[in-house]
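Undergrad: Once you've had a glance at the structure underneath, I'll fire off some questions.
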Amino acid sequence: MFKNLKNDLPASVVVFFVALPLCLGIALASGAPLFSGLIAGIIGGIVVGGLSGSNIGVSGPAAGLAAIVLTSIGTLGGYENFLVAVVLGGAIQLVFGFLRAGIIGYYFPSSVIKGMLTGIGIIIILKQIPHFFGYDSDPEGDFAFFQVDGENTFSEIFNSLNYISPGATIIAVIGLAILLFWDKVLAKKAKFFQVIQGPLVAVALGILYFIFTQGNESIGIAKEHLVSVPIPGDLSSFLGQFSFPNFGVILSGDIWITAFTIALVASLETLLCVEATDKLDPDKNVTPTNRELLAQGTGNIISGMIGGLPITQVIVRSSANIQSGGKTKLSAIIHGFLLLISVVLIPRLLNMIPLSVLASILLIVGYKLAKPSLFKKMYLMGWKQFIPFTVTVLGIIFIDLLWGIGLGLLVGIVVILIKSYQNSHFLHIEDKSNGKHKITMTLAEEVTFFNKGAILKEFDRLPEDTYLTLDVRKTRYLDNDIIEILEDFSSKAKQRNIDIKLISERGEIENPDSYIKFFSLRPKNT
């Protein structure tokens, strides 16, 4: 693991700068203590990162759970009661892992996964535009279309144009220019510029800019446009930031419902992120999904025990890790330690980082996830790929992550049904001779009840005086519903003077008396 330290260390620094505002912002959007987001980020990096089988995935508090957390804190009677649900949710995830439920992640269509990555990339860009101009009304990490500040994604952008902060915008533009120049020019010139990442330089300049322009009303940066990490006065006040679960409510039904919801949503988000990051991984590593559920469950138990938010693997941090050259899990672990060390030792320095500089870093992350060329590529792959992809993207932008994925999956299932309808059989008209239509129908390898409509339609199209050859030699599974269709059609065939020759691995038979008997099946009870 340590042989890639030269790649993982600079990548971990970038992930740290991406994770810091998101941990705080998600906690704020969730109605939880700010420190709870940092706890989740630290546990997600150190504990989950250490236990996970993913080389490049990074875990922490998830934006997709913010609405659930916000609602649950109120309905369960306080944050300490909610923490019980987090701990139980982690235990349920352990059960999922032992039951090998991680296989669910493999059943999401590639078009939906690509749509998820693209949609998240676009929403990152849209959400960071206000922060780029120094308009920080909505907290970082609020990725839903309808925001916690009462605005929506697009109205927030329009509002930001009326509240542009010159100082924040100036350093954001400088930071973005540094990031682009570093990535496109300097990183290709020498290894030094690969070890020292552009985001670190941009953040350092942001801190210096804040220090030197402090007190300048025209180009200075106000406190509300900076990172806001809690600053404890002493050890006791630092320890006072931790919250602990109230296990006295563990028998409450609402607690268990919330716990199961957290476990289900967190597991689903994690599995989708695993699938997406494996696609982005240039080394094409395959993450063991069941082990990932066990790691996430352990992380959530520990996070809940000390006052942290629920944890999932997160695509924003994971993609930043990949784009920055991270190679092993050491990057995620180091990022966790950086969060821990920084909030303990240098919280005042962190509070000098302009949010607009961090927005410029996230804009680059978002663009790399949602390159325009991907839309063209998906379009050229045909409507069966493009429509689920587009629906997923639009759902993420105009609703939220889980709704977007759900809608994309629903459309993907419809596409599968259509493909199944179209591919259930192959129909070939051989010739017309002696007044008889000679037609051969070859059934596919698997024919299920999804194919009923297509096969019924072809049978109804057959003209009178037809000689139909029905070839099932390649068919390995023939649903009982299809056999009943054949049984029902045989009587209609006699009325329309249609002869049927059935060809199977057992031989050939003309006009079988009973297809049910031929395939050794019993008719359904009526």
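Residues in the structure tokens are named by chain (A, B, ... in the order shown) and by number from 1 within that chain; ligands are numbered from 1 in the order shown.
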Which of range 18-188 of chain A counts as helix (DSSP H, G or I) under DSSP, as a count of residues only please?

TA: 123

Undergrad: With only C-alpha atoms as the counted atoms, please give the residues lying no more than 10 Å from Phe519 in chain A, apart from itself and same-chain residues fewer than 5 positions off, as a list in words.

TA: Leu478, Asn480, Ile483 and Ser514 of chain A

Undergrad: Pick from A:Ile333, A:Leu83, A:Met441, A:Ser373: nearest to Glu458 in chain A, with only C-alpha atoms counted?

TA: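 Nearest candidate to Glu458 in chain A out of A:Ile333, A:Leu83, A:Met441, A:Ser373: A:Met441.
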
Undergrad: Rank A:Ile485, A:Leu180, A:Ile164, A:Leu369 by their smallest atom-to-atom distance to Phe449 in chain A, using only C-alpha atoms, and report the top residue only.

TA: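 Among the listed residues, A:Ile485 lies closest to Phe449 in chain A.
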
Undergrad: Taking only C-alpha atoms into account, name the residue in A:Ile262, A:Ala444, A:Ile396, A:Ala493 that is nearest to Ile123 in chain A.

TA: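 Checking each candidate against Ile123 in chain A, we get A:Ile396 as the closest.
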
Undergrad: Which is closest to Gly41 in chain A among A:Pro139, A:Pro130, A:Gly299, A:Pro245, if we use only C-alpha atoms?

TA: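 Once distances to Gly41 in chain A are computed over only C-alpha atoms, the minimum belongs to A:Gly299.
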
Undergrad: Could you check the closest approach to Leu293 in chain A for each of A:Gly233, A:Gly121, A:Gly105, A:Gly412 and tell me which residue wins, using only C-alpha atoms?

TA: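 Once distances to Leu293 in chain A are computed over only C-alpha atoms, the minimum belongs to A:Gly105.
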
Undergrad: Which residues are close to Lys494 in chain A, i.e. within 10 Å by only C-alpha atoms, leaving aside same-chain residues fewer than 4 positions away? Reply as an NGL selection string.

TA: :A and (464-465 or 489-490 or 498-500 or 511)

Undergrad: Would you mind exporting N, CA and C atoms of the selected residues as a PDB file, in the first residue's frame?

TA:
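Okay, this is what ended up in part.pdb:
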```
ATOM      1  N   GLU A 464     -53.692 -17.460 -43.347  1.00  0.00           N
ATOM      2  CA  GLU A 464     -54.224 -18.819 -43.501  1.00  0.00           C
ATOM      3  C   GLU A 464     -53.346 -19.597 -44.484  1.00  0.00           C
ATOM      4  N   ASP A 465     -53.470 -20.901 -44.405  1.00  0.00           N
ATOM      5  CA  ASP A 465     -52.696 -21.796 -45.289  1.00  0.00           C
ATOM      6  C   ASP A 465     -51.191 -21.591 -45.111  1.00  0.00           C
ATOM      7  N   PHE A 489     -52.966 -21.652 -29.219  1.00  0.00           N
ATOM      8  CA  PHE A 489     -52.875 -21.351 -30.647  1.00  0.00           C
ATOM      9  C   PHE A 489     -53.117 -22.578 -31.518  1.00  0.00           C
ATOM     10  N   SER A 490     -52.816 -23.756 -30.980  1.00  0.00           N
ATOM     11  CA  SER A 490     -52.948 -24.972 -31.798  1.00  0.00           C
ATOM     12  C   SER A 490     -54.375 -25.171 -32.312  1.00  0.00           C
ATOM     13  N   ILE A 498     -53.472 -23.854 -40.564  1.00  0.00           N
ATOM     14  CA  ILE A 498     -52.055 -23.639 -40.309  1.00  0.00           C
ATOM     15  C   ILE A 498     -51.469 -24.917 -39.723  1.00  0.00           C
ATOM     16  N   ASP A 499     -50.470 -25.465 -40.411  1.00  0.00           N
ATOM     17  CA  ASP A 499     -49.776 -26.648 -39.926  1.00  0.00           C
ATOM     18  C   ASP A 499     -48.514 -26.226 -39.185  1.00  0.00           C
ATOM     19  N   ILE A 500     -48.240 -26.938 -38.111  1.00  0.00           N
ATOM     20  CA  ILE A 500     -47.093 -26.569 -37.265  1.00  0.00           C
ATOM     21  C   ILE A 500     -46.148 -27.759 -37.147  1.00  0.00           C
ATOM     22  N   ASN A 511     -47.785 -31.001 -35.881  1.00  0.00           N
ATOM     23  CA  ASN A 511     -49.042 -30.691 -35.201  1.00  0.00           C
ATOM     24  C   ASN A 511     -49.221 -31.485 -33.898  1.00  0.00           C
TER      25      ASN A 511
END
```

Undergrad: Skip Leu205 in chain A itself and residues of its chain fewer than 4 positions away, then list as an MDAnalysis selection string all residues within 12 Å of it, counting only C-alpha atoms.

TA: chainID A and resid 170:176 178:179 198:201 209:213 352:354 357:358

Undergrad: The selected residues should be written to file as a PDB file, in the first residue's frame (atoms: C-alpha atoms).

TA:
```
ATOM      1  CA  ILE A 170     -11.309  37.612  -7.362  1.00  0.00           C
ATOM      2  CA  ILE A 171      -9.600  34.821  -5.415  1.00  0.00           C
ATOM      3  CA  ALA A 172     -11.959  32.237  -6.942  1.00  0.00           C
ATOM      4  CA  VAL A 173     -10.979  33.312 -10.459  1.00  0.00           C
ATOM      5  CA  ILE A 174      -7.288  33.279  -9.487  1.00  0.00           C
ATOM      6  CA  GLY A 175      -7.709  29.837  -7.912  1.00  0.00           C
ATOM      7  CA  LEU A 176      -9.497  28.464 -10.987  1.00  0.00           C
ATOM      8  CA  ILE A 178      -4.088  28.202 -11.094  1.00  0.00           C
ATOM      9  CA  LEU A 179      -5.919  24.864 -11.156  1.00  0.00           C
ATOM     10  CA  GLY A 198      -2.760  22.692  -7.743  1.00  0.00           C
ATOM     11  CA  PRO A 199      -5.581  22.714  -5.147  1.00  0.00           C
ATOM     12  CA  LEU A 200      -3.052  23.007  -2.307  1.00  0.00           C
ATOM     13  CA  VAL A 201      -1.476  26.056  -3.982  1.00  0.00           C
ATOM     14  CA  TYR A 209      -5.342  36.734   0.106  1.00  0.00           C
ATOM     15  CA  PHE A 210      -7.697  36.758   3.102  1.00  0.00           C
ATOM     16  CA  ILE A 211      -4.890  37.769   5.472  1.00  0.00           C
ATOM     17  CA  PHE A 212      -3.563  40.617   3.308  1.00  0.00           C
ATOM     18  CA  THR A 213      -6.982  42.034   2.389  1.00  0.00           C
ATOM     19  CA  MET A 352      -9.232  31.448   6.827  1.00  0.00           C
ATOM     20  CA  ILE A 353      -9.957  29.369   3.711  1.00  0.00           C
ATOM     21  CA  PRO A 354     -12.387  31.164   1.355  1.00  0.00           C
ATOM     22  CA  VAL A 357     -11.566  28.836  -3.619  1.00  0.00           C
ATOM     23  CA  LEU A 358     -12.973  25.457  -2.600  1.00  0.00           C
TER      24      LEU A 358
END
```

Undergrad: Kindly indicate which residue among A:Gln313, A:Ser59, A:Gln128, A:Gln147 lies nearest to Ile364 in chain A, using only C-alpha atoms for the distances.

TA: A:Gln128

Undergrad: Show which residues sit within 12 Å of Phe193 in chain A, as a PyMOL selection string. Count only C-alpha atoms, and ignore same-chain residues fewer than 4 positions away.

TA: chain A and resi 6-7+10+178-179+181-189+197-201+324

Undergrad: Write the residues you've just listed into a file as a PDB file, in the first residue's frame, and include C-alpha atoms for each of them.

TA:
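See part25.pdb below for the written result:
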```
ATOM      1  CA  LYS A   6       3.861   9.592  -3.822  1.00  0.00           C
ATOM      2  CA  ASN A   7       0.461   9.373  -5.547  1.00  0.00           C
ATOM      3  CA  PRO A  10      -1.068  14.591  -2.756  1.00  0.00           C
ATOM      4  CA  ILE A 178      -4.088  28.202 -11.094  1.00  0.00           C
ATOM      5  CA  LEU A 179      -5.919  24.864 -11.156  1.00  0.00           C
ATOM      6  CA  PHE A 181      -2.691  26.048 -15.568  1.00  0.00           C
ATOM      7  CA  TRP A 182      -1.353  23.490 -13.079  1.00  0.00           C
ATOM      8  CA  ASP A 183      -3.329  20.633 -14.630  1.00  0.00           C
ATOM      9  CA  LYS A 184      -2.837  21.481 -18.306  1.00  0.00           C
ATOM     10  CA  VAL A 185       0.719  22.860 -18.301  1.00  0.00           C
ATOM     11  CA  LEU A 186       2.808  22.543 -15.142  1.00  0.00           C
ATOM     12  CA  ALA A 187       1.873  18.943 -14.248  1.00  0.00           C
ATOM     13  CA  LYS A 188       3.297  17.866 -17.606  1.00  0.00           C
ATOM     14  CA  LYS A 189       6.550  19.759 -17.109  1.00  0.00           C
ATOM     15  CA  GLN A 197      -1.145  19.567  -6.325  1.00  0.00           C
ATOM     16  CA  GLY A 198      -2.760  22.692  -7.743  1.00  0.00           C
ATOM     17  CA  PRO A 199      -5.581  22.714  -5.147  1.00  0.00           C
ATOM     18  CA  LEU A 200      -3.052  23.007  -2.307  1.00  0.00           C
ATOM     19  CA  VAL A 201      -1.476  26.056  -3.982  1.00  0.00           C
ATOM     20  CA  SER A 324      -5.879  13.599  -8.293  1.00  0.00           C
TER      21      SER A 324
END
```

Undergrad: Could you tell me how far CA of Ile39 in chain A sits from CA of Gly240 in chain A, in Å to one decimal place?

TA: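 Atom-to-atom, CA of Gly240 in chain A and CA of Ile39 in chain A are spaced 13.1 Å apart.
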